[in-house]
Number of protein chains: 2
Amino acid sequence: MSDRFSFRLIARDGAARLGEITTPHGRITTPAFMPVGTQAAMKAVLWRDVRESGAEIVLANTYHLMLRPGAERIAALGGLHAFSGWTGPILTDSGGFQVMSLAPLRSVDEKAVTFRSHIDGATVVLTPERAVEIQRLLGSDIAMQLDECIALPASPEDIARAMRLSLTWAERCKAVFDGSRGGALFGIVQGGDIDRLRIDSARALVGIGFHGYAIGGLAVGEPQAVMLRVIGEVVPHLPEDRPRYLMGVGTPDDLLESVARGIDMFDCVMPTRNGRHGMAFTRFGPINLRNARHGDDPRPLDEQSRCPAARDFSRAYLHHLVRANETLGAMLLSMVNLYYYQDLMRGARAAVAERRFGDFCAETRAGWAGGDLPPL
Amino acid sequence: MSDRFSFRLIARDGAARLGEITTPHGRITTPAFMPVGTQAAMKAVLWRDVRESGAEIVLANTYHLMLRPGAERIAALGGLHAFSGWTGPILTDSGGFQVMSLAPLRSVDEKAVTFRSHIDGATVVLTPERAVEIQRLLGSDIAMQLDECIALPASPEDIARAMRLSLTWAERCKAVFDGSRGGALFGIVQGGDIDRLRIDSARALVGIGFHGYAIGGLAVGEPQAVMLRVIGEVVPHLPEDRPRYLMGVGTPDDLLESVARGIDMFDCVMPTRNGRHGMAFTRFGPINLRNARHGDDPRPLDEQSRCPAARDFSRAYLHHLVRANETLGAMLLSMVNLYYYQDLMRGARAAVAERRFGDFCAETRAGWAGGDLPPL
């Protein structure tokens with residue numbers, strides 16, 4: 001397993017694409033959903049079950065890991081793969097997004113983002129160069145440029161300033177990225193909800209040249225229609241022969257809509273976070289196991305699921321675990337959701353290969369619209 | 001799987017015994033450790049991993065389950081086995097111990113124990129007859145009589161009163177127990193730390209006649225020496241052809257000392273609770289993964305362990321998970337500890353069969369005394 005990063009487009013159905021990414025730690029078929037293992041751990045799910053869900057790549061968060069246990073420490077322990085025990089491909093973000101959302105007392109200038117650690121209060125300076133170095137120390141297969149991601153709504157001036165700063169940082173990241181170990185560096189399109197800025201950002205990044213292109217700064221509070229419009233504007237300016245990654249998205253419907261617009265990669269905490277809160281994603285749509293209607297229901301969540309947790313336990317039991325705040329409830333529902341997201345992507349890939357992606361989306365949405373099983 | 005309860009003594013080494021219990025849901029080799037799945041769930045461990053650890057029987061707590069989701073509800077869902085998905089033997093306690101330790105506003109008289117639910121404040125009356133009925137509704141393989149378990153130290157008068165009340169309740173439980181489905185009912189020896197009362201209790205229970213005999217009211221604050229002395233006094237008054245169960249015990253050393261005195265069954269929350277708090281039981285003794293010494297240690301907890309969690313992850317990673325409060329840390333360390341307890345019992349059984357139980361205890365204690373691996 002020491003192949004260099006590459007991307008191969010296999011099939012297309014409209015704008016939707018079937019592809020394959022090769023990385024030093026294995027291959028990923030796209031469209032791909034990357035579960036989020038923030039602190040080098042999937043919350044409440046064993047790696048064995050992440051793997052069996054069908055996930056081929058996971059995401060780890062640079063911000064958390066640089067603060068604890070530290071990038072140099074992870075490097076000394078052989079990198080994220082050896083450290084965590086996840087042996088497949090790993091994408092790391094740059095830390096920028098979490099600095100903005102989690103760190104107290106942050107400030108941004110041309111040179112760097114400076115912030116206080118939310119763990120011990122230490123002052124940390126994150127430059128584009130350091131963000132790349134940290135990701136090299138972590139041993140990630142796909143590293144992300146440092147960017148400034150601002151919350152929407154924001155003024156056009158602020159959006160433009162952050163977009164231009166992100167472009168400057170993209171150049172600096174590219175300049176110091178060492179591709180000798182076969183990994184990849186992705187640029188991140190910014191520009192908020194302003195199409196013109198988004199297109200400028202995409203073109204400039206393509207001019208710099210990256211292994212893949214992410215669209216950042218979406219799913220930060222704007223309506224889905226705005227997000228999809230921006231994707232539709234940006235994608236035509238991205239090269240066909242590079243993967244496209246929509247960061248931090250999203251609901252199952254967001255995924256289908258985005259695949260339809262040519263997106264190849266996604267990450268989101270939703271399957272595990274919602275699982276911890278008693279919510280299951282299923283082919284019948286989302287199901288809240290906390291609801292009293294499940295309390296006496298001996299039926300499994302979905303007897304046709306590939307996921308043992310969706311098949312082998314009654315809704316009554318899952319309801320009990322959620323109500324009783326048993327960790328096993330979070331474990332089982334997180335597993336159910338990881339399988340569901342992977343199965344959705346698997347279905348999307350098969351549909352693109354057979355040029356029936358539109359039908360697949362319609363059938364999937366009909367299942368959601370049909371709602372949950374009727375009461376017994 | 002519809003065999004009636006029975007017990008067969010296979011071998012003996014001093015007072016230590018190797019045996020086999022048959023239940024409607026399968027066989028249990030003894031000495032056996034029963035992990036505790038209080039609310040019909042093992043905390044932070046999938047049933048699959050409980051099974052793979054070697055556990056042949058688990059314990060569920062009547063007190064919790066009668067309050068939520070309710071015994072009648074579980075019965076309507078097919079009993080605890082169908083409800084939880086644990087298909088092996090299940091022992092249920094009577095609820096008495098937890099009423100004393102968890103319920104607010106409890107009161108005991110000859111007729112019943114009355115208490116407020118800690119969940120919704122409802123007043124609940126638990127009679128010996130109802131305790132047996134609840135356990136029948138749960139479908140347990142081994143039911144326990146209702147007893148009154150008082151904390152030590154206590155006055156001789158209080159200890160004697162509780163012991164005699166427990167005997168009365170033992171008779172009432174026996175009178176209503178329906179053995180037609182092949183399950184068992186165990187009596188519980190009480191009498192605090194007063195040998196004379198303990199012996200009276202044991203003799204009276206044997207006079208009533210039960211499928212097995214538990215020793216309750218120990219490991220409630222008294223020194224280990226007192227507990228072992230009481231066990232030594234009680235065991236000679238229990239029949240050879242029935243299993244002996246020491247309730248709520250204990251540390252690995254407690255288990256060895258008690259097996260040496262003729263105990264066949266144990267239950268304790270220690271492996272899972274301590275696992276959730278960052279503590280691993282190993283052949284090197286207990287290891288606190290929160291300790292900074294593990295932060296850079298690439299070695300597994302124990303490369304010779306049968307447990308994947310003890311073999312496949314570095315101490316540095318486990319340390320990180322514990323420090324970062326990741327659920328995966330609780331999951332992996334609980335698994336490590338369940339395996340360790342099962343392996344300890346497996347070793348004890350093999351040693352009794354080969355009449356080298358004394359050597360086994362000495363070797364095991366030497367491993368603990370040797371302490372953890374030296375720092376790298």
# chains A, B, ... in the order shown; residues from 1 in each chain; ligands from 1

$ residues_around --residues "Val132 in chain B" --least-positions-apart "2" --cutoff "12 Å" --atoms "only C-alpha atoms" --output "number ranges by chain"
B: 62, 66, 71, 92-96, 126-130, 134-140, 142-147, 169-179, 183-187

$ write_last_selection --atoms "N, CA and C atoms" --output "CSV table (one decimal), in the first residue's frame"
chain,number,residue,atom,x,y,z
B,62,THR,N,-33.2,-6.6,38.4
B,62,THR,CA,-34.6,-6.5,38.5
B,62,THR,C,-35.1,-5.1,38.9
B,66,MET,N,-37.7,-3.4,36.4
B,66,MET,CA,-39.1,-3.3,36.8
B,66,MET,C,-39.6,-1.8,36.7
B,71,ALA,N,-41.6,-4.9,33.9
B,71,ALA,CA,-41.6,-6.3,33.7
B,71,ALA,C,-42.6,-6.8,32.7
B,92,THR,N,-31.1,-13.0,37.2
B,92,THR,CA,-31.7,-11.7,37.7
B,92,THR,C,-31.6,-11.7,39.2
B,93,ASP,N,-31.2,-10.5,39.7
B,93,ASP,CA,-31.3,-10.4,41.2
B,93,ASP,C,-32.8,-10.1,41.5
B,94,SER,N,-33.0,-9.9,42.8
B,94,SER,CA,-34.4,-9.8,43.2
B,94,SER,C,-34.9,-8.3,43.3
B,95,GLY,N,-34.0,-7.4,43.2
B,95,GLY,CA,-34.3,-6.0,43.3
B,95,GLY,C,-34.1,-5.5,44.7
B,96,GLY,N,-34.0,-6.4,45.7
B,96,GLY,CA,-33.8,-5.9,47.1
B,96,GLY,C,-32.6,-5.1,47.3
B,126,LEU,N,-42.8,-3.8,46.7
B,126,LEU,CA,-42.1,-5.1,46.3
B,126,LEU,C,-42.3,-6.1,47.4
B,127,THR,N,-43.1,-7.1,47.1
B,127,THR,CA,-43.3,-8.3,48.0
B,127,THR,C,-42.4,-9.4,47.5
B,128,PRO,N,-42.1,-10.4,48.4
B,128,PRO,CA,-41.4,-11.5,47.9
B,128,PRO,C,-42.1,-12.2,46.7
B,129,GLU,N,-43.4,-12.3,46.8
B,129,GLU,CA,-44.2,-12.9,45.7
B,129,GLU,C,-44.0,-12.1,44.4
B,130,ARG,N,-44.1,-10.8,44.5
B,130,ARG,CA,-43.9,-9.9,43.3
B,130,ARG,C,-42.5,-10.0,42.7
B,134,ILE,N,-42.0,-10.9,38.9
B,134,ILE,CA,-41.2,-10.1,38.0
B,134,ILE,C,-40.1,-10.9,37.3
B,135,GLN,N,-39.4,-11.7,38.1
B,135,GLN,CA,-38.3,-12.4,37.4
B,135,GLN,C,-38.9,-13.5,36.5
B,136,ARG,N,-40.1,-14.0,36.8
B,136,ARG,CA,-40.7,-14.9,35.8
B,136,ARG,C,-41.1,-14.1,34.5
B,137,LEU,N,-41.6,-12.9,34.7
B,137,LEU,CA,-42.0,-12.1,33.5
B,137,LEU,C,-40.7,-11.8,32.7
B,138,LEU,N,-39.6,-11.5,33.4
B,138,LEU,CA,-38.4,-11.2,32.7
B,138,LEU,C,-37.8,-12.5,32.0
B,139,GLY,N,-38.3,-13.7,32.4
B,139,GLY,CA,-37.8,-14.9,31.8
B,139,GLY,C,-36.4,-15.3,32.2
B,140,SER,N,-36.0,-15.0,33.4
B,140,SER,CA,-34.6,-15.2,33.8
B,140,SER,C,-34.4,-16.7,34.0
B,142,ILE,N,-32.0,-17.9,36.1
B,142,ILE,CA,-31.8,-18.1,37.6
B,142,ILE,C,-32.4,-16.9,38.3
B,143,ALA,N,-33.4,-17.1,39.1
B,143,ALA,CA,-34.0,-16.0,39.9
B,143,ALA,C,-33.5,-16.0,41.3
B,144,MET,N,-33.5,-14.9,41.9
B,144,MET,CA,-33.0,-14.8,43.3
B,144,MET,C,-34.2,-14.5,44.2
B,145,GLN,N,-34.2,-15.0,45.4
B,145,GLN,CA,-35.2,-14.7,46.4
B,145,GLN,C,-35.1,-13.2,46.8
B,146,LEU,N,-36.2,-12.6,47.2
B,146,LEU,CA,-36.1,-11.2,47.8
B,146,LEU,C,-35.4,-11.3,49.2
B,147,ASP,N,-34.5,-10.5,49.5
B,147,ASP,CA,-33.8,-10.5,50.8
B,147,ASP,C,-33.7,-9.0,51.2
B,169,TRP,N,-38.9,-14.4,53.9
B,169,TRP,CA,-39.1,-14.1,52.5
B,169,TRP,C,-38.6,-15.2,51.6
B,170,ALA,N,-37.6,-15.9,52.0
B,170,ALA,CA,-37.1,-17.0,51.2
B,170,ALA,C,-38.2,-18.1,51.1
B,171,GLU,N,-38.9,-18.4,52.2
B,171,GLU,CA,-40.0,-19.3,52.2
B,171,GLU,C,-41.1,-18.9,51.3
B,172,ARG,N,-41.5,-17.6,51.4
B,172,ARG,CA,-42.5,-17.1,50.5
B,172,ARG,C,-42.2,-17.1,49.0
B,173,CYS,N,-40.9,-16.9,48.7
B,173,CYS,CA,-40.4,-16.9,47.3
B,173,CYS,C,-40.5,-18.4,46.8
B,174,LYS,N,-40.0,-19.3,47.7
B,174,LYS,CA,-40.0,-20.7,47.3
B,174,LYS,C,-41.5,-21.1,47.0
B,175,ALA,N,-42.4,-20.7,47.9
B,175,ALA,CA,-43.8,-21.1,47.8
B,175,ALA,C,-44.5,-20.7,46.5
B,176,VAL,N,-44.0,-19.6,45.9
B,176,VAL,CA,-44.7,-19.2,44.7
B,176,VAL,C,-43.9,-19.4,43.4
B,177,PHE,N,-42.6,-19.9,43.6
B,177,PHE,CA,-41.8,-20.1,42.4
B,177,PHE,C,-42.3,-21.2,41.5
B,178,ASP,N,-42.4,-20.9,40.2
B,178,ASP,CA,-42.9,-21.9,39.3
B,178,ASP,C,-41.7,-22.4,38.5
B,179,GLY,N,-41.4,-23.6,38.7
B,179,GLY,CA,-40.2,-24.2,38.1
B,179,GLY,C,-40.5,-24.9,36.8
B,183,GLY,N,-36.3,-23.1,35.0
B,183,GLY,CA,-35.4,-22.2,35.6
B,183,GLY,C,-35.2,-22.5,37.1
B,184,ALA,N,-34.3,-21.7,37.7
B,184,ALA,CA,-33.9,-22.0,39.1
B,184,ALA,C,-34.2,-20.8,40.0
B,185,LEU,N,-34.3,-21.1,41.3
B,185,LEU,CA,-34.5,-20.1,42.3
B,185,LEU,C,-33.4,-20.3,43.3
B,186,PHE,N,-32.6,-19.3,43.6
B,186,PHE,CA,-31.6,-19.4,44.6
B,186,PHE,C,-32.0,-18.7,45.9
B,187,GLY,N,-31.6,-19.3,47.0
B,187,GLY,CA,-31.8,-18.6,48.3
B,187,GLY,C,-30.5,-17.8,48.6

$ select_by_dssp --residues "range 66-223 of chain B" --states "strand (DSSP E)" --output "MDAnalysis selection string"
chainID B and resid 90:92 107:108 113:116 123:126 142:144 184:189 212:215

$ write_last_selection --atoms "C-alpha atoms" --output "PDB file, in the first residue's frame"
ATOM      1  CA  ILE B  90     -29.421 -14.717  32.410  1.00  0.00           C
ATOM      2  CA  LEU B  91     -29.458 -14.415  36.191  1.00  0.00           C
ATOM      3  CA  THR B  92     -31.652 -11.704  37.673  1.00  0.00           C
ATOM      4  CA  SER B 107     -39.348   1.286  54.180  1.00  0.00           C
ATOM      5  CA  VAL B 108     -39.289  -2.392  55.074  1.00  0.00           C
ATOM      6  CA  VAL B 113     -40.346  -3.276  50.880  1.00  0.00           C
ATOM      7  CA  THR B 114     -41.986  -0.032  49.785  1.00  0.00           C
ATOM      8  CA  PHE B 115     -40.057   2.682  47.950  1.00  0.00           C
ATOM      9  CA  ARG B 116     -40.222   5.577  45.550  1.00  0.00           C
ATOM     10  CA  THR B 123     -44.523   4.490  45.009  1.00  0.00           C
ATOM     11  CA  VAL B 124     -43.678   0.831  44.421  1.00  0.00           C
ATOM     12  CA  VAL B 125     -44.427  -2.107  46.731  1.00  0.00           C
ATOM     13  CA  LEU B 126     -42.132  -5.083  46.271  1.00  0.00           C
ATOM     14  CA  ILE B 142     -31.802 -18.079  37.556  1.00  0.00           C
ATOM     15  CA  ALA B 143     -33.999 -16.004  39.881  1.00  0.00           C
ATOM     16  CA  MET B 144     -33.028 -14.782  43.323  1.00  0.00           C
ATOM     17  CA  ALA B 184     -33.885 -21.978  39.085  1.00  0.00           C
ATOM     18  CA  LEU B 185     -34.482 -20.110  42.310  1.00  0.00           C
ATOM     19  CA  PHE B 186     -31.553 -19.358  44.614  1.00  0.00           C
ATOM     20  CA  GLY B 187     -31.753 -18.586  48.317  1.00  0.00           C
ATOM     21  CA  ILE B 188     -29.498 -15.923  49.828  1.00  0.00           C
ATOM     22  CA  VAL B 189     -27.520 -16.386  53.022  1.00  0.00           C
ATOM     23  CA  GLY B 212     -28.481 -22.904  44.471  1.00  0.00           C
ATOM     24  CA  TYR B 213     -27.275 -20.772  47.357  1.00  0.00           C
ATOM     25  CA  ALA B 214     -25.956 -17.247  47.271  1.00  0.00           C
ATOM     26  CA  ILE B 215     -24.013 -15.407  49.927  1.00  0.00           C
TER      27      ILE B 215
END

$ residues_around --residues "Val50 in chain B" --least-positions-apart "2" --cutoff "10 Å" --atoms "only C-alpha atoms" --output "list of chain:residue names"
B:Pro35, B:Met42, B:Val45, B:Leu46, B:Trp47, B:Arg48, B:Glu52, B:Ser53, B:Gly54, B:Ala55, B:Glu56, B:Ile57, B:Val58, B:Trp86, B:Ser334, B:Met335, B:Leu338, B:Tyr339, B:Gln342

$ write_last_selection --atoms "C-alpha atoms" --output "PDB file, in the first residue's frame"
ATOM      1  CA  PRO B  35     -20.782  -9.501  33.790  1.00  0.00           C
ATOM      2  CA  MET B  42     -23.745  -4.181  29.033  1.00  0.00           C
ATOM      3  CA  VAL B  45     -19.875  -3.267  25.167  1.00  0.00           C
ATOM      4  CA  LEU B  46     -21.744  -4.972  22.332  1.00  0.00           C
ATOM      5  CA  TRP B  47     -23.254  -8.378  23.206  1.00  0.00           C
ATOM      6  CA  ARG B  48     -21.084  -9.841  20.443  1.00  0.00           C
ATOM      7  CA  GLU B  52     -16.445 -13.385  22.523  1.00  0.00           C
ATOM      8  CA  SER B  53     -14.895 -12.489  25.873  1.00  0.00           C
ATOM      9  CA  GLY B  54     -16.024 -15.930  27.015  1.00  0.00           C
ATOM     10  CA  ALA B  55     -18.928 -14.900  29.260  1.00  0.00           C
ATOM     11  CA  GLU B  56     -21.508 -17.686  29.384  1.00  0.00           C
ATOM     12  CA  ILE B  57     -24.055 -15.938  31.593  1.00  0.00           C
ATOM     13  CA  VAL B  58     -24.860 -12.318  32.395  1.00  0.00           C
ATOM     14  CA  TRP B  86     -28.442 -11.786  24.701  1.00  0.00           C
ATOM     15  CA  SER B 334     -14.441  -2.377  29.347  1.00  0.00           C
ATOM     16  CA  MET B 335     -13.762  -5.052  26.747  1.00  0.00           C
ATOM     17  CA  LEU B 338     -14.393  -8.411  30.566  1.00  0.00           C
ATOM     18  CA  TYR B 339     -11.835 -10.573  28.768  1.00  0.00           C
ATOM     19  CA  GLN B 342     -13.200 -14.413  31.897  1.00  0.00           C
TER      20      GLN B 342
END

$ interface_residues --of "chain A" --to "chain B" --cutoff "10 Å" --atoms "only C-alpha atoms" --output "ChimeraX atom specification"
/A:38-47,64-65,68-69,73-74,76-78,80,82-85,119,295-299,309,312-321,323-332

$ residues_around --residues "Phe97 in chain B" --least-positions-apart "6" --cutoff "9 Å" --atoms "only C-alpha atoms" --output "PyMOL selection string"
chain B and resi 63+146-150+217

$ atom_distance --atom1 "CA of Ser201 in chain B" --atom2 "CA of Asn61 in chain B"
23.9 Å

$ residues_around --residues "Arg17 in chain B" --least-positions-apart "2" --cutoff "10 Å" --atoms "only C-alpha atoms" --output "VMD selection string"
chain B and resid 9 to 15 19 to 20 30 to 31 240 243 259 to 264 348 to 349 351 to 353 355 357

$ write_last_selection --atoms "C-alpha atoms" --output "short mmCIF file (atom, residue, chain, number, x, y, z; two decimals), in the first residue's frame"
data_model
loop_
_atom_site.label_atom_id
_atom_site.label_comp_id
_atom_site.auth_asym_id
_atom_site.auth_seq_id
_atom_site.Cartn_x
_atom_site.Cartn_y
_atom_site.Cartn_z
CA LEU B 9 -19.61 -31.23 40.00
CA ILE B 10 -16.76 -32.24 37.68
CA ALA B 11 -13.58 -31.91 39.72
CA ARG B 12 -12.24 -30.58 42.95
CA ASP B 13 -8.92 -29.25 44.21
CA GLY B 14 -9.09 -28.64 47.93
CA ALA B 15 -12.27 -26.64 48.43
CA GLY B 19 -18.59 -27.64 37.72
CA GLU B 20 -21.21 -27.22 35.05
CA THR B 30 -17.95 -22.87 36.91
CA PRO B 31 -16.27 -21.06 38.57
CA GLU B 240 -22.02 -30.09 47.68
CA PRO B 243 -23.85 -24.05 43.03
CA VAL B 259 -12.86 -19.93 44.51
CA ALA B 260 -10.29 -21.38 46.90
CA ARG B 261 -13.09 -21.48 49.51
CA GLY B 262 -15.59 -23.26 47.28
CA ILE B 263 -17.49 -20.44 45.53
CA ASP B 264 -18.76 -21.20 41.99
CA ALA B 348 -9.02 -21.19 37.49
CA ARG B 349 -11.20 -23.88 35.92
CA ALA B 351 -6.19 -25.36 37.21
CA VAL B 352 -8.87 -27.07 39.31
CA ALA B 353 -9.24 -29.75 36.64
CA ARG B 355 -5.36 -30.04 40.59
CA PHE B 357 -5.20 -24.37 41.64
#

$ select_by_dssp --residues "range 247-280 of chain B" --states "alpha helix (DSSP H)" --output "VMD selection string"
chain B and resid 252 to 260 270 to 276

$ atom_distance --atom1 "CA of Pro239 in chain B" --atom2 "CA of Thr364 in chain B"
29.3 Å

$ residues_around --residues "range 267-281 of chain B" --least-positions-apart "3" --cutoff "7 Å" --atoms "only C-alpha atoms" --output "list in words"
Phe33, Met34, Pro35, Val36, Lys43, Met247, Gly248, Val249, Gly250, Gly285, Pro286, Ile287, Asn288, Leu289, Arg290, Val322, Ala330, Leu333, Ser334, Val336, Asn337, Leu338 and Tyr340 of chain B

$ write_last_selection --atoms "N, CA and C atoms" --output "PDB file, in the first residue's frame"
ATOM      1  N   PHE B  33     -17.718 -16.086  36.108  1.00  0.00           N
ATOM      2  CA  PHE B  33     -17.945 -14.675  36.408  1.00  0.00           C
ATOM      3  C   PHE B  33     -19.043 -14.154  35.488  1.00  0.00           C
ATOM      4  N   MET B  34     -20.052 -13.520  36.079  1.00  0.00           N
ATOM      5  CA  MET B  34     -21.185 -12.983  35.325  1.00  0.00           C
ATOM      6  C   MET B  34     -21.051 -11.471  35.186  1.00  0.00           C
ATOM      7  N   PRO B  35     -20.795 -10.958  33.972  1.00  0.00           N
ATOM      8  CA  PRO B  35     -20.782  -9.501  33.790  1.00  0.00           C
ATOM      9  C   PRO B  35     -22.184  -8.952  34.052  1.00  0.00           C
ATOM     10  N   VAL B  36     -22.247  -7.710  34.498  1.00  0.00           N
ATOM     11  CA  VAL B  36     -23.511  -7.106  34.905  1.00  0.00           C
ATOM     12  C   VAL B  36     -24.058  -6.184  33.816  1.00  0.00           C
ATOM     13  N   LYS B  43     -22.787  -2.065  29.753  1.00  0.00           N
ATOM     14  CA  LYS B  43     -22.404  -0.677  29.520  1.00  0.00           C
ATOM     15  C   LYS B  43     -21.192  -0.601  28.598  1.00  0.00           C
ATOM     16  N   MET B 247     -22.400 -12.868  45.863  1.00  0.00           N
ATOM     17  CA  MET B 247     -23.021 -11.744  45.138  1.00  0.00           C
ATOM     18  C   MET B 247     -22.192 -10.454  45.212  1.00  0.00           C
ATOM     19  N   GLY B 248     -22.031  -9.845  44.038  1.00  0.00           N
ATOM     20  CA  GLY B 248     -21.437  -8.506  43.990  1.00  0.00           C
ATOM     21  C   GLY B 248     -19.934  -8.451  44.180  1.00  0.00           C
ATOM     22  N   VAL B 249     -19.252  -9.586  44.016  1.00  0.00           N
ATOM     23  CA  VAL B 249     -17.805  -9.670  44.248  1.00  0.00           C
ATOM     24  C   VAL B 249     -17.138 -10.064  42.946  1.00  0.00           C
ATOM     25  N   GLY B 250     -16.008  -9.475  42.625  1.00  0.00           N
ATOM     26  CA  GLY B 250     -15.238  -8.483  43.342  1.00  0.00           C
ATOM     27  C   GLY B 250     -13.985  -8.221  42.523  1.00  0.00           C
ATOM     28  N   GLY B 285      -1.425  -6.759  36.796  1.00  0.00           N
ATOM     29  CA  GLY B 285      -2.156  -5.988  37.814  1.00  0.00           C
ATOM     30  C   GLY B 285      -2.935  -4.867  37.144  1.00  0.00           C
ATOM     31  N   PRO B 286      -3.626  -4.069  37.949  1.00  0.00           N
ATOM     32  CA  PRO B 286      -4.413  -2.982  37.370  1.00  0.00           C
ATOM     33  C   PRO B 286      -3.511  -1.877  36.817  1.00  0.00           C
ATOM     34  N   ILE B 287      -3.917  -1.317  35.676  1.00  0.00           N
ATOM     35  CA  ILE B 287      -3.140  -0.255  35.022  1.00  0.00           C
ATOM     36  C   ILE B 287      -4.067   0.932  34.802  1.00  0.00           C
ATOM     37  N   ASN B 288      -3.643   2.094  35.272  1.00  0.00           N
ATOM     38  CA  ASN B 288      -4.424   3.312  35.080  1.00  0.00           C
ATOM     39  C   ASN B 288      -3.948   4.025  33.816  1.00  0.00           C
ATOM     40  N   LEU B 289      -4.757   3.935  32.767  1.00  0.00           N
ATOM     41  CA  LEU B 289      -4.360   4.498  31.471  1.00  0.00           C
ATOM     42  C   LEU B 289      -4.346   6.016  31.467  1.00  0.00           C
ATOM     43  N   ARG B 290      -4.923   6.639  32.477  1.00  0.00           N
ATOM     44  CA  ARG B 290      -4.921   8.092  32.564  1.00  0.00           C
ATOM     45  C   ARG B 290      -3.531   8.624  32.916  1.00  0.00           C
ATOM     46  N   VAL B 322      -8.745   8.077  26.856  1.00  0.00           N
ATOM     47  CA  VAL B 322      -9.213   8.320  28.218  1.00  0.00           C
ATOM     48  C   VAL B 322      -9.127   9.815  28.537  1.00  0.00           C
ATOM     49  N   ALA B 330     -13.765   4.030  26.835  1.00  0.00           N
ATOM     50  CA  ALA B 330     -14.593   3.215  27.734  1.00  0.00           C
ATOM     51  C   ALA B 330     -14.917   1.875  27.085  1.00  0.00           C
ATOM     52  N   LEU B 333     -11.594  -0.362  27.029  1.00  0.00           N
ATOM     53  CA  LEU B 333     -11.127  -0.802  28.347  1.00  0.00           C
ATOM     54  C   LEU B 333     -12.154  -1.696  29.035  1.00  0.00           C
ATOM     55  N   SER B 334     -13.437  -1.458  28.806  1.00  0.00           N
ATOM     56  CA  SER B 334     -14.441  -2.377  29.347  1.00  0.00           C
ATOM     57  C   SER B 334     -14.266  -3.763  28.731  1.00  0.00           C
ATOM     58  N   VAL B 336     -11.445  -5.008  27.446  1.00  0.00           N
ATOM     59  CA  VAL B 336     -10.216  -5.560  28.027  1.00  0.00           C
ATOM     60  C   VAL B 336     -10.525  -6.228  29.370  1.00  0.00           C
ATOM     61  N   ASN B 337     -11.302  -5.538  30.196  1.00  0.00           N
ATOM     62  CA  ASN B 337     -11.570  -6.044  31.548  1.00  0.00           C
ATOM     63  C   ASN B 337     -12.512  -7.241  31.545  1.00  0.00           C
ATOM     64  N   LEU B 338     -13.511  -7.233  30.655  1.00  0.00           N
ATOM     65  CA  LEU B 338     -14.393  -8.411  30.566  1.00  0.00           C
ATOM     66  C   LEU B 338     -13.581  -9.634  30.142  1.00  0.00           C
ATOM     67  N   TYR B 340     -10.385 -10.058  30.658  1.00  0.00           N
ATOM     68  CA  TYR B 340      -9.472 -10.446  31.734  1.00  0.00           C
ATOM     69  C   TYR B 340     -10.192 -11.282  32.794  1.00  0.00           C
TER      70      TYR B 340
END

$ atom_distance --atom1 "CA of Gly192 in chain A" --atom2 "CA of Asp241 in chain A"
24.8 Å
